[in-house]
Every structure is written in structure tokens, then in C-alpha cells.
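Here is the structure we will look at.
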Amino acid sequence: MFDLFAIARGNALVIEERFEVVVAGMGAQEAALAREFASWVETEALISINVPSFVVGELLAGRACQNTYELAGELAAVSGRPAEDILRERLKDHYERRIAFDGAFNGGQNFRYGALNAGGPGLTQQYDPYCVVLKRTYQDTLTDLAYLPGDSLKICFGGAGASLDEDAVRRSPAPHSHRHVLVAIERAAEVPTSDKHEWPKLVAPEGRYFEVIFVGEVLLEAVECVRALKTEIKRMRELEFANFGRKLDPGERALADDFVVLRRGALEGKLRLEEV
Amino acid sequence: MSLTLEAISAVDATGVVRSGRTLRLVRPPYLLRDSPVLPEGSVQDAILRHGFSASQQQFESWEGLIEFLSQQVVEVRRQLGGEVPASISNEDILEVASEQDLTVYLDRVERELIPGRLFDHAENFLVAFLASSALDRYAGLGRRAARLLQRNNGARRAAEAAVSELANRDVRFPSLERHHEVEKSVRIAKNIQVWGSVFAPAT
């Protein structure tokens with residue numbers, strides 16, 4: 001069994017060396033820019049988790065953000081069915097790969113998955129439209145943290161099969177202390193051609209994010225802000241306005257109610273809601 | 001039409017749905033313009049990264065699919081210790097609305113609801129707003145809301161007057177009148193009512 005976080009810590013020096021090789025191949029101006037970009041990522045980037053509105057409501061109600069296993073455990077407690085059955089049913093064809101990955105690491109079932117975020121709505125916001133950004137002070141308290149240059153399930157599984165690529169597991173993770181170096185290595189070619197105001201997009205462009213795996217309880221106190229796309233706010237506004245003209249159906253009511261809760265939380269100063 | 005729900009996020013009544021060759025994200029308020037087309041491979045991402053559950057459930061119509069999503073959101077939220085409220089209070093919506101939200105709502109009353117003769121919808125919003133605490137926070141919008149309420153009432157009265165004038169003139173069947181067939185048609189209508197059928201009973 002692997003210790004993901006020990007592997008990440010062990011990679012610090014190699015990642016540092018890889019960065020030096022990359023900048024050595026650049027012109028002086030570009031190299032300086034790459035170093036400036038790395039420093040900027042270190043200062044600006046935070047861990048984010050994209051969630052549905054229901055989860056923001058849970059946080060506001062004082063409950064913790066749940067991972068897949070915790071949610072299955074809760075549903076198992078309510079239904080009396082084994083959590084494993086619920087997980088299998090939920091993941092179907094993807095069950096083996098999820099279990100193979102998480103099961104390969106010590107405490108894999110406690111992993112939480114997020115992404116590095118330096119501004120913007122986070123990854124694939126259409127599925128989980130609310131981007132919960134965690135406080136720097138919270139992430140500084142975490143001891144188990146690893147950063148990968150993309151989706152762990154894609155990086156650590158070679159092909160369509162379910163066998164774990166152990167070399168990739170050993171090679172890929174970076175520790176918290178070197179997250180910015182990892183980002184700078186991966187984006188080195190794009191930094192010189194990007195305006196500085198576009199640097200946030202370099203950290204998490206569509207489909208090319210840096211995954212963060214960590215262990216720790218996420219409660220409202222850990223949340224720096226919640227970001228939502230303007231289009232999502234507009235969608236919720238449509239729902240709420242429709243409420244004056246007709247009875248909303250259950251799905252609409254669920255989301256409209258979540259949004260009222262979110263807005264009230266923001267008005268009461270319990271969280272900061274940013275439209276991006 | 002065959003629709004396949006390939007992944008579902010029951011907690012927010014959202015599904016990844018295959019319709020023909022197209023994969024779509026289907027979510028409240030279930031409007032086509034709010035249902036983006038997704039690339040292949042999205043199903044895997046939705047399930048492995050975003051808490052969706054795999055599914056292969058088939059539906060014959062969009063109505064059936066939406067009804068299923070509606071049932072699921074109620075069920076899963078109940079399992080997780082919450083309830084989907086039976087209704088959403090307009091006061092709650094207004095209490096947390098921003099100035100921008102309210103401005104957008106007033107714009108829609110002016111540009112869509114009144115011209116579209118959706119007088120009840122417009123009045124419900126305007127009256128609720130004028131009676132809400134939101135008016136204290138954004139007093140500047142009150143005058144516009146009051147003016148729109150007057151305009152809505154005026155437009156409603158004008159529309160009702162036009163309908164009643166039409167009824168008084170009894171020009172509902174101008175073609176029958178032109179051909180002097182009104183009396184005959186009334187007789188036929190009465191017979192249909194008596195027989196309970198458009199067919200004459202056998203004699």
C-alpha cells in the first residue's frame with residue numbers, strides 16, 4: 001500500500017530540479033517570467049472544491065462536506081443497505097477504478113478531492129456550479145496534501161483497464177511546499193504568451209486542472225468564499241422570479257430554496273459569495 | 001423518442017441525458033437554453049469527480065424524465081435529513097434579493113410580463129415587493145415598482161374591457177352569422193348535449 005503524502009514529500013527535490021531544467025532551456029526574460037509566475041501561484045492559489053448548491057446549504061447548517069464514502073455511509077445508515085452496495089450501484093462500471101485507486105493508498109477512503117484555484121469558477125462548473133474556495137489558514141493546517149498535474153484517475157491508470165500505473169503514482173504527486181513549482185513546470189510554455197491578468201486561467205483552464213488530494217474535515221470555518229458563475233446566478237434568478245407566477249416543481253423548489261439559504265448566509269456574513 | 005439517463009445527481013434533480021447522439025445536461029428549470037450539450041466522456045467525469053450516480057434508465061418523453069428527476073430529489077433529500085419545501089415563500093426570495101436581482105425583475109415585468117398580458121405574475125411580484133423589507137433596503141426602486149403596478153392594472157383593465165366588448169358584440173361566430181346558420185348550430189349543439197354524443201341515436 002502506498003503513502004501518497006509521503007511520496008509527494010519525497011518528490012520535492014526532483015520537482016525542484018525539473019523546474020530548473022525547464023527554466024534553463026528558456027531565454028532570460030522568459031525564465032524570469034516563469035519564476036514570477038511560480039511565486040504568484042504560491043501566493044494566490046488556494047484549494048477549491050466544486051459542489052452542488054445543496055452542499056453549500058449543508059456547510060451553512062454546520063455540517064461537513066462529505067466525500068463519496070462518507071455519503072455512502074450516511075445513506076447506508078438510513079437505508080440499512082451495505083455502503084459497498086450503494087457505492088457499487090452509484091459508480092457501476094467506474095466502481096473498480098475508483099476502488100483500485102483509493103484502495104491503493106493508506107487512508108484512501110478519507111481522501112478529499114479538490115483543485116487548485118487562483119480565481120475563476122473552478123473546474124467543470126456545469127456539474128457542480130458552486131466553487132468552495134478554502135482558506136489559506138485552513139490549508140496551512142493540513143499535513144496530508146498532495147498535488148497532481150491533472151485527474152489522478154487518468155494519470156495513474158494507463159489505459160482503459162483498471163490496473164494502477166505504479167510509476168505514475170510515484171512520479172506525479174507534489175507536496176504542498178512545491179505546488180507552485182509543479183504548476184510552473186506544467187505551464188512554462190504558456191506563461192510567456194499569456195497576459196498576467198490571464199494567469200488565473202492558466203492554473204485551471206477548462207479540463208486542465210491541478211488536482212489536490214487532502215485529508216481533513218471541511219466545515220464552514222474553512223471556507224474563504226463561494227464562487228458561482230454569473231450564468232448560474234442568472235439561472236437561479238429565473239427560478240426565483242418564476243415562483244411569483246407559478247408553483248415550481250420539486251427540483252426547481254429544491255434549488256430555489258438552496259439559493260435563498262446561500263444568499264441569506266452571504267447577507268448574514270457567514271460566507272462570501274462571489275459572482276465570476 | 002427514447003431518452004437515456006446516463007448519470008444523475010439526485011440531490012439537485014440534474015441528469016446527463018442521451019437523446020439520439022446528443023448528450024445533454026438537463027437541470028431545473030429544464031429549459032433547452034439551460035441544457036448544455038456535453039462532450040462524450042462527460043458521463044465518466046460526472047460520476048467519478050462530481051458525485052453523479054451511474055444510470056441506464058430509459059424514458060419515452062422529457063416529461064417522464066423530469067418527473068423522475070423530481071421524485072429523486074425529494075427522495076434523496078429526505079434520506080439525507082432534509083425536505084424539499086412544499087412551496088417557496090416570495091417574502092424569503094425578496095428578503096435576500098440584491099438590488100441587481102430586483103432591477104432585473106422590474107425590467108422583466110416591464111418588458112415581458114405586462115406586454116405578454118401575464119398580469120397576475122406581474123402583480124404578484126410587484127405587490128410582494130412593495131410590501132417587503134426589500135423596499136426598505138432599496139427604496140429607490142419603490143417608485144418604479146408602484147408605477148409598474150399602475151401600468152399593469154391599467155393594461156389589465158384595458159385587456160378585460162376588450163374581451164367584454166367582444167362578448168357583448170357576440171361576434172364569436174361571424175361566419176355562421178354571415179351564412180344565417182347560428183340558429184341551426186345552436187339546435188345541433190343542444191342535441192349533442194342531450195345525446196352526450198356527436199352521433200344521432202338510432203330511431
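Ordering of the C-alpha cells sets the chain letters (A, B, ...); residue numbers start at 1 within each chain; ligands are numbered from 1 in the order shown.
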
I want to know what sits within 8 Å of Ile8 in chain B, based on only C-alpha atoms, with residues of the same chain fewer than 6 positions away left out; could you give that as a PyMOL selection string? chain B and resi 14-16+52-55

Starting from chain B, keep only residues with some atom at most 8 Å from an atom of chain A, counting only C-alpha atoms, and report them as a ChimeraX atom specification. /B:11-13,28-29,34,44,46-48,50-55,69-71,73-74,79-80,84-88,90,92-93,96-97,101,105,120-122,124-125

So that I have them on file, write out the residues from the current selection with N, CA and C atoms, as a tab-separated table (two decimals), in the first residue's frame.
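Output below, filename again.tsv:
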```
chain	number	residue	atom	x	y	z
B	11	VAL	N	-29.58	14.89	-5.86
B	11	VAL	CA	-29.70	15.95	-4.86
B	11	VAL	C	-30.05	17.30	-5.49
B	12	ASP	N	-29.73	17.48	-6.76
B	12	ASP	CA	-30.16	18.72	-7.41
B	12	ASP	C	-30.96	18.46	-8.69
B	13	ALA	N	-31.60	17.30	-8.74
B	13	ALA	CA	-32.56	16.98	-9.82
B	13	ALA	C	-31.96	17.20	-11.21
B	28	PRO	N	-32.99	21.84	-13.59
B	28	PRO	CA	-34.03	22.88	-13.44
B	28	PRO	C	-33.52	24.23	-13.94
B	29	PRO	N	-34.34	25.03	-14.56
B	29	PRO	CA	-35.77	24.86	-14.81
B	29	PRO	C	-36.10	24.06	-16.07
B	34	ASP	N	-30.90	26.17	-21.15
B	34	ASP	CA	-30.12	25.88	-19.94
B	34	ASP	C	-29.64	24.44	-19.90
B	44	GLN	N	-18.38	9.92	-17.47
B	44	GLN	CA	-17.35	9.41	-16.55
B	44	GLN	C	-16.92	10.50	-15.56
B	46	ALA	N	-18.60	13.12	-14.65
B	46	ALA	CA	-19.71	13.43	-13.74
B	46	ALA	C	-19.78	12.41	-12.60
B	47	ILE	N	-19.56	11.14	-12.94
B	47	ILE	CA	-19.68	10.09	-11.92
B	47	ILE	C	-18.44	10.05	-11.02
B	48	LEU	N	-17.27	10.10	-11.63
B	48	LEU	CA	-16.06	9.92	-10.82
B	48	LEU	C	-15.63	11.17	-10.07
B	50	HIS	N	-17.81	14.23	-9.73
B	50	HIS	CA	-18.82	15.19	-9.29
B	50	HIS	C	-20.02	14.57	-8.58
B	51	GLY	N	-19.85	13.36	-8.12
B	51	GLY	CA	-20.88	12.78	-7.26
B	51	GLY	C	-22.14	12.33	-7.96
B	52	PHE	N	-22.13	12.28	-9.29
B	52	PHE	CA	-23.29	11.75	-10.00
B	52	PHE	C	-23.32	10.23	-9.84
B	53	SER	N	-24.52	9.66	-9.95
B	53	SER	CA	-24.66	8.21	-9.93
B	53	SER	C	-24.88	7.71	-11.34
B	54	ALA	N	-24.27	6.55	-11.63
B	54	ALA	CA	-24.46	5.96	-12.96
B	54	ALA	C	-25.90	5.49	-13.11
B	55	SER	N	-26.40	5.54	-14.33
B	55	SER	CA	-27.77	5.09	-14.60
B	55	SER	C	-27.84	4.63	-16.05
B	69	LEU	N	-36.71	12.83	-12.23
B	69	LEU	CA	-35.72	13.65	-11.52
B	69	LEU	C	-36.37	14.34	-10.31
B	70	SER	N	-37.62	14.78	-10.49
B	70	SER	CA	-38.34	15.44	-9.40
B	70	SER	C	-38.58	14.49	-8.24
B	71	GLN	N	-38.94	13.23	-8.57
B	71	GLN	CA	-39.15	12.24	-7.50
B	71	GLN	C	-37.84	11.96	-6.77
B	73	VAL	N	-35.16	13.88	-6.36
B	73	VAL	CA	-34.66	14.94	-5.48
B	73	VAL	C	-35.40	14.92	-4.15
B	74	VAL	N	-36.68	14.64	-4.20
B	74	VAL	CA	-37.47	14.58	-2.96
B	74	VAL	C	-36.98	13.42	-2.10
B	79	GLN	N	-33.77	11.28	2.53
B	79	GLN	CA	-32.80	10.33	3.10
B	79	GLN	C	-31.67	11.05	3.81
B	80	LEU	N	-31.31	12.22	3.29
B	80	LEU	CA	-30.20	12.97	3.88
B	80	LEU	C	-30.66	13.92	4.99
B	84	VAL	N	-37.66	18.79	0.58
B	84	VAL	CA	-37.89	19.82	-0.43
B	84	VAL	C	-39.14	20.58	0.02
B	85	PRO	N	-39.06	21.88	0.21
B	85	PRO	CA	-40.23	22.60	0.73
B	85	PRO	C	-41.42	22.50	-0.23
B	86	ALA	N	-42.62	22.50	0.34
B	86	ALA	CA	-43.83	22.39	-0.47
B	86	ALA	C	-44.02	23.63	-1.33
B	87	SER	N	-43.50	24.74	-0.85
B	87	SER	CA	-43.54	25.98	-1.64
B	87	SER	C	-42.41	26.88	-1.17
B	88	ILE	N	-42.08	27.84	-2.00
B	88	ILE	CA	-41.04	28.80	-1.63
B	88	ILE	C	-41.74	30.12	-1.35
B	90	ASN	N	-42.43	33.87	-1.31
B	90	ASN	CA	-41.98	35.04	-2.08
B	90	ASN	C	-41.26	36.04	-1.18
B	92	ASP	N	-39.35	35.34	1.33
B	92	ASP	CA	-37.97	34.87	1.54
B	92	ASP	C	-37.09	35.26	0.35
B	93	ILE	N	-37.65	35.09	-0.85
B	93	ILE	CA	-36.89	35.42	-2.05
B	93	ILE	C	-36.54	36.91	-2.05
B	96	VAL	N	-33.80	38.24	0.50
B	96	VAL	CA	-32.37	38.03	0.23
B	96	VAL	C	-31.96	38.54	-1.15
B	97	ALA	N	-32.91	39.12	-1.88
B	97	ALA	CA	-32.58	39.57	-3.24
B	97	ALA	C	-31.65	40.79	-3.21
B	101	ASP	N	-30.82	41.92	-8.64
B	101	ASP	CA	-31.91	40.96	-8.87
B	101	ASP	C	-33.22	41.71	-9.07
B	105	TYR	N	-35.79	41.92	-12.18
B	105	TYR	CA	-37.20	41.52	-12.07
B	105	TYR	C	-38.12	42.64	-12.58
B	120	ASP	N	-51.22	38.61	-13.66
B	120	ASP	CA	-51.18	38.04	-12.31
B	120	ASP	C	-49.73	37.90	-11.83
B	121	HIS	N	-48.87	37.38	-12.73
B	121	HIS	CA	-47.47	37.19	-12.38
B	121	HIS	C	-46.84	38.54	-12.00
B	122	ALA	N	-47.13	39.56	-12.85
B	122	ALA	CA	-46.57	40.89	-12.60
B	122	ALA	C	-47.08	41.44	-11.26
B	124	ASN	N	-48.36	39.81	-8.67
B	124	ASN	CA	-47.83	39.05	-7.53
B	124	ASN	C	-46.46	39.56	-7.12
B	125	PHE	N	-45.60	39.78	-8.13
B	125	PHE	CA	-44.26	40.25	-7.81
B	125	PHE	C	-44.29	41.67	-7.25
```

Do a neighbour search on range 172-176 of chain A at 9 Å with only C-alpha atoms, toss out local chain neighbours closer than 4 positions, and write the hits as a list in words. Leu4, Phe5, Ala6, Ile7, Ala8, Arg9, Gly10, Asn11, Ala12, Ile15, Asp140, Thr143, Asp144, Leu145, Ala146, Tyr147, Leu148, Pro149, Ser152, Ile155, Cys156, Asp167, Ala168, His180, Val181 and Leu182 of chain A

List every residue of range 1-167 of chain B that DSSP, applied to the backbone, labels as strand (DSSP E or B), and write the result as a PyMOL selection string. chain B and resi 3-9+14-19+22-26+37-38+53-59

Please provide the set of residues having any atom within 10 Å of Phe68 in chain B, restricted to only C-alpha atoms, with same-chain residues fewer than 6 positions apart removed, written as an MDAnalysis selection string. chainID B and resid 10 13 57 59 62

Next, dump the selected residues to file, keeping only C-alpha atoms, as an mmCIF file, in the first residue's frame.
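Resulting contents of result_8.cif:
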```cif
data_model
loop_
_atom_site.group_PDB
_atom_site.id
_atom_site.type_symbol
_atom_site.label_atom_id
_atom_site.label_comp_id
_atom_site.auth_asym_id
_atom_site.auth_seq_id
_atom_site.Cartn_x
_atom_site.Cartn_y
_atom_site.Cartn_z
ATOM 1 C CA ALA B 10 -30.442 13.317 -7.473
ATOM 2 C CA ALA B 13 -32.558 16.984 -9.817
ATOM 3 C CA GLN B 57 -32.758 4.334 -17.187
ATOM 4 C CA PHE B 59 -37.653 7.321 -20.831
ATOM 5 C CA TRP B 62 -38.927 14.557 -21.493
#
```

I need the residues in range 41-271 of chain A that are alpha helix (DSSP H) according to DSSP; give them as a ChimeraX atom specification. /A:41-44,53-60,68-79,83-91,95-103,136-141,152-155,166-171,179-187,199-203,230-242,250-267

For C-alpha atoms, I'd like the residues from the last selection saved as a short mmCIF file (atom, residue, chain, number, x, y, z; two decimals), in the first residue's frame.
```
data_model
loop_
_atom_site.label_atom_id
_atom_site.label_comp_id
_atom_site.auth_asym_id
_atom_site.auth_seq_id
_atom_site.Cartn_x
_atom_site.Cartn_y
_atom_site.Cartn_z
CA VAL A 41 0.80 30.79 -7.82
CA GLU A 42 2.32 30.23 -4.39
CA THR A 43 0.77 33.49 -3.16
CA GLU A 44 -2.60 33.33 -4.92
CA SER A 53 -25.89 24.14 -4.00
CA PHE A 54 -27.16 21.54 -1.54
CA VAL A 55 -23.64 21.12 -0.13
CA VAL A 56 -23.29 24.87 0.46
CA GLY A 57 -26.54 24.63 2.45
CA GLU A 58 -25.08 21.74 4.44
CA LEU A 59 -21.99 23.80 5.26
CA LEU A 60 -24.17 26.72 6.37
CA THR A 68 -18.07 9.60 -1.71
CA TYR A 69 -17.50 7.07 1.09
CA GLU A 70 -18.95 9.27 3.81
CA LEU A 71 -22.05 9.93 1.74
CA ALA A 72 -22.48 6.20 1.01
CA GLY A 73 -22.03 5.54 4.74
CA GLU A 74 -24.77 8.01 5.62
CA LEU A 75 -27.15 6.57 3.03
CA ALA A 76 -26.33 3.08 4.31
CA ALA A 77 -27.18 4.10 7.86
CA VAL A 78 -30.55 5.44 6.70
CA SER A 79 -31.47 2.63 4.32
CA ALA A 83 -22.39 1.05 1.99
CA GLU A 84 -20.46 -1.03 -0.53
CA ASP A 85 -23.68 -1.93 -2.37
CA ILE A 86 -24.63 1.73 -2.51
CA LEU A 87 -21.20 2.62 -3.86
CA ARG A 88 -21.32 -0.14 -6.48
CA GLU A 89 -24.77 0.92 -7.57
CA ARG A 90 -23.73 4.55 -7.76
CA LEU A 91 -20.45 4.02 -9.64
CA TYR A 95 -16.51 1.26 -9.33
CA GLU A 96 -13.41 -0.90 -9.90
CA ARG A 97 -11.20 2.03 -10.90
CA ARG A 98 -12.32 4.26 -8.02
CA ILE A 99 -11.77 1.46 -5.51
CA ALA A 100 -8.46 0.41 -7.12
CA PHE A 101 -7.13 3.95 -6.75
CA ASP A 102 -8.37 4.80 -3.28
CA GLY A 103 -7.66 1.27 -2.07
CA ARG A 136 -5.12 29.65 3.27
CA THR A 137 -5.01 29.36 7.06
CA TYR A 138 -7.01 26.12 6.77
CA GLN A 139 -4.81 24.59 4.12
CA ASP A 140 -1.72 25.57 6.11
CA THR A 141 -3.01 23.38 8.96
CA SER A 152 -5.50 11.25 -10.69
CA LEU A 153 -7.66 8.56 -12.26
CA LYS A 154 -6.40 9.48 -15.72
CA ILE A 155 -2.78 9.99 -14.70
CA GLU A 166 2.64 2.47 -10.04
CA ASP A 167 5.36 4.52 -11.75
CA ALA A 168 2.86 7.31 -12.33
CA VAL A 169 1.77 7.10 -8.71
CA ARG A 170 5.38 7.54 -7.57
CA ARG A 171 6.31 10.19 -10.10
CA ARG A 179 2.59 23.07 -5.61
CA HIS A 180 3.56 26.31 -7.36
CA VAL A 181 6.68 24.72 -8.84
CA LEU A 182 4.57 21.88 -10.28
CA VAL A 183 2.19 24.41 -11.84
CA ALA A 184 5.06 26.45 -13.27
CA ILE A 185 6.65 23.35 -14.84
CA GLU A 186 3.39 22.31 -16.49
CA ARG A 187 2.51 25.79 -17.75
CA TRP A 199 -2.67 33.78 -15.14
CA PRO A 200 -5.67 32.59 -13.08
CA LYS A 201 -6.90 30.82 -16.22
CA LEU A 202 -3.52 29.11 -16.62
CA VAL A 203 -3.94 27.49 -13.22
CA LYS A 230 -22.86 34.78 -13.47
CA THR A 231 -24.80 32.35 -15.67
CA GLU A 232 -25.60 30.21 -12.63
CA ILE A 233 -26.82 33.25 -10.68
CA LYS A 234 -28.97 34.12 -13.69
CA ARG A 235 -30.41 30.58 -13.75
CA MET A 236 -31.33 30.81 -10.06
CA ARG A 237 -32.78 34.29 -10.59
CA GLU A 238 -35.02 32.84 -13.34
CA LEU A 239 -36.26 30.15 -10.96
CA GLU A 240 -36.99 32.60 -8.20
CA PHE A 241 -38.81 35.02 -10.48
CA ALA A 242 -40.89 32.13 -11.85
CA PRO A 250 -39.80 19.82 -6.75
CA GLY A 251 -36.41 20.08 -8.47
CA GLU A 252 -36.89 23.79 -9.03
CA ARG A 253 -38.04 24.31 -5.43
CA ALA A 254 -35.04 22.42 -4.08
CA LEU A 255 -32.61 24.66 -5.95
CA ALA A 256 -34.53 27.87 -5.30
CA ASP A 257 -34.58 27.05 -1.59
CA ASP A 258 -30.84 26.28 -1.62
CA PHE A 259 -30.21 29.62 -3.27
CA VAL A 260 -32.27 31.51 -0.68
CA VAL A 261 -30.23 29.76 2.03
CA LEU A 262 -26.96 30.63 0.27
CA ARG A 263 -27.98 34.26 -0.22
CA ARG A 264 -29.12 34.55 3.39
CA GLY A 265 -25.79 33.10 4.54
CA ALA A 266 -24.00 35.73 2.46
CA LEU A 267 -26.21 38.56 3.77
#
```

Could you tell me how far CA of Arg112 in chain A sits from CA of Phe157 in chain A, in Å to one decimal place? 18.9 Å

So that I can see what lies close to Leu141 in chain B, please list as a PDB file with C-alpha atoms, in the first residue's frame the residues with an atom at most 12 Å from it, counting only C-alpha atoms and leaving out residues fewer than 6 positions away in the same chain.
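To be explicit, this is the file written out as out-v3.pdb:
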```
ATOM      1  CA  SER B  98     -29.877  42.003  -4.296  1.00  0.00           C
ATOM      2  CA  GLU B  99     -30.559  45.365  -5.934  1.00  0.00           C
ATOM      3  CA  GLN B 100     -29.437  43.860  -9.219  1.00  0.00           C
ATOM      4  CA  ASP B 101     -31.911  40.962  -8.871  1.00  0.00           C
ATOM      5  CA  LEU B 102     -34.753  43.366  -8.190  1.00  0.00           C
ATOM      6  CA  THR B 103     -33.800  45.596 -11.094  1.00  0.00           C
ATOM      7  CA  VAL B 104     -33.776  42.563 -13.390  1.00  0.00           C
ATOM      8  CA  TYR B 105     -37.198  41.516 -12.075  1.00  0.00           C
ATOM      9  CA  LEU B 106     -38.638  45.013 -12.638  1.00  0.00           C
ATOM     10  CA  ASP B 107     -37.179  45.027 -16.164  1.00  0.00           C
ATOM     11  CA  LEU B 126     -44.964  43.985  -7.559  1.00  0.00           C
ATOM     12  CA  PHE B 129     -42.029  43.697  -3.407  1.00  0.00           C
ATOM     13  CA  LEU B 130     -43.904  46.824  -2.305  1.00  0.00           C
ATOM     14  CA  ALA B 134     -36.505  44.713   0.364  1.00  0.00           C
ATOM     15  CA  LEU B 135     -38.244  48.042  -0.231  1.00  0.00           C
ATOM     16  CA  ARG B 147     -45.580  52.988 -11.474  1.00  0.00           C
ATOM     17  CA  LEU B 148     -45.407  49.498 -12.996  1.00  0.00           C
TER      18      LEU B 148
END
```

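The nearest approach to Gly20 in chain B among the residues B:Met1, B:Leu113, B:Ala7, B:Leu94, with only C-alpha atoms taken into account, belongs to B:Met1.
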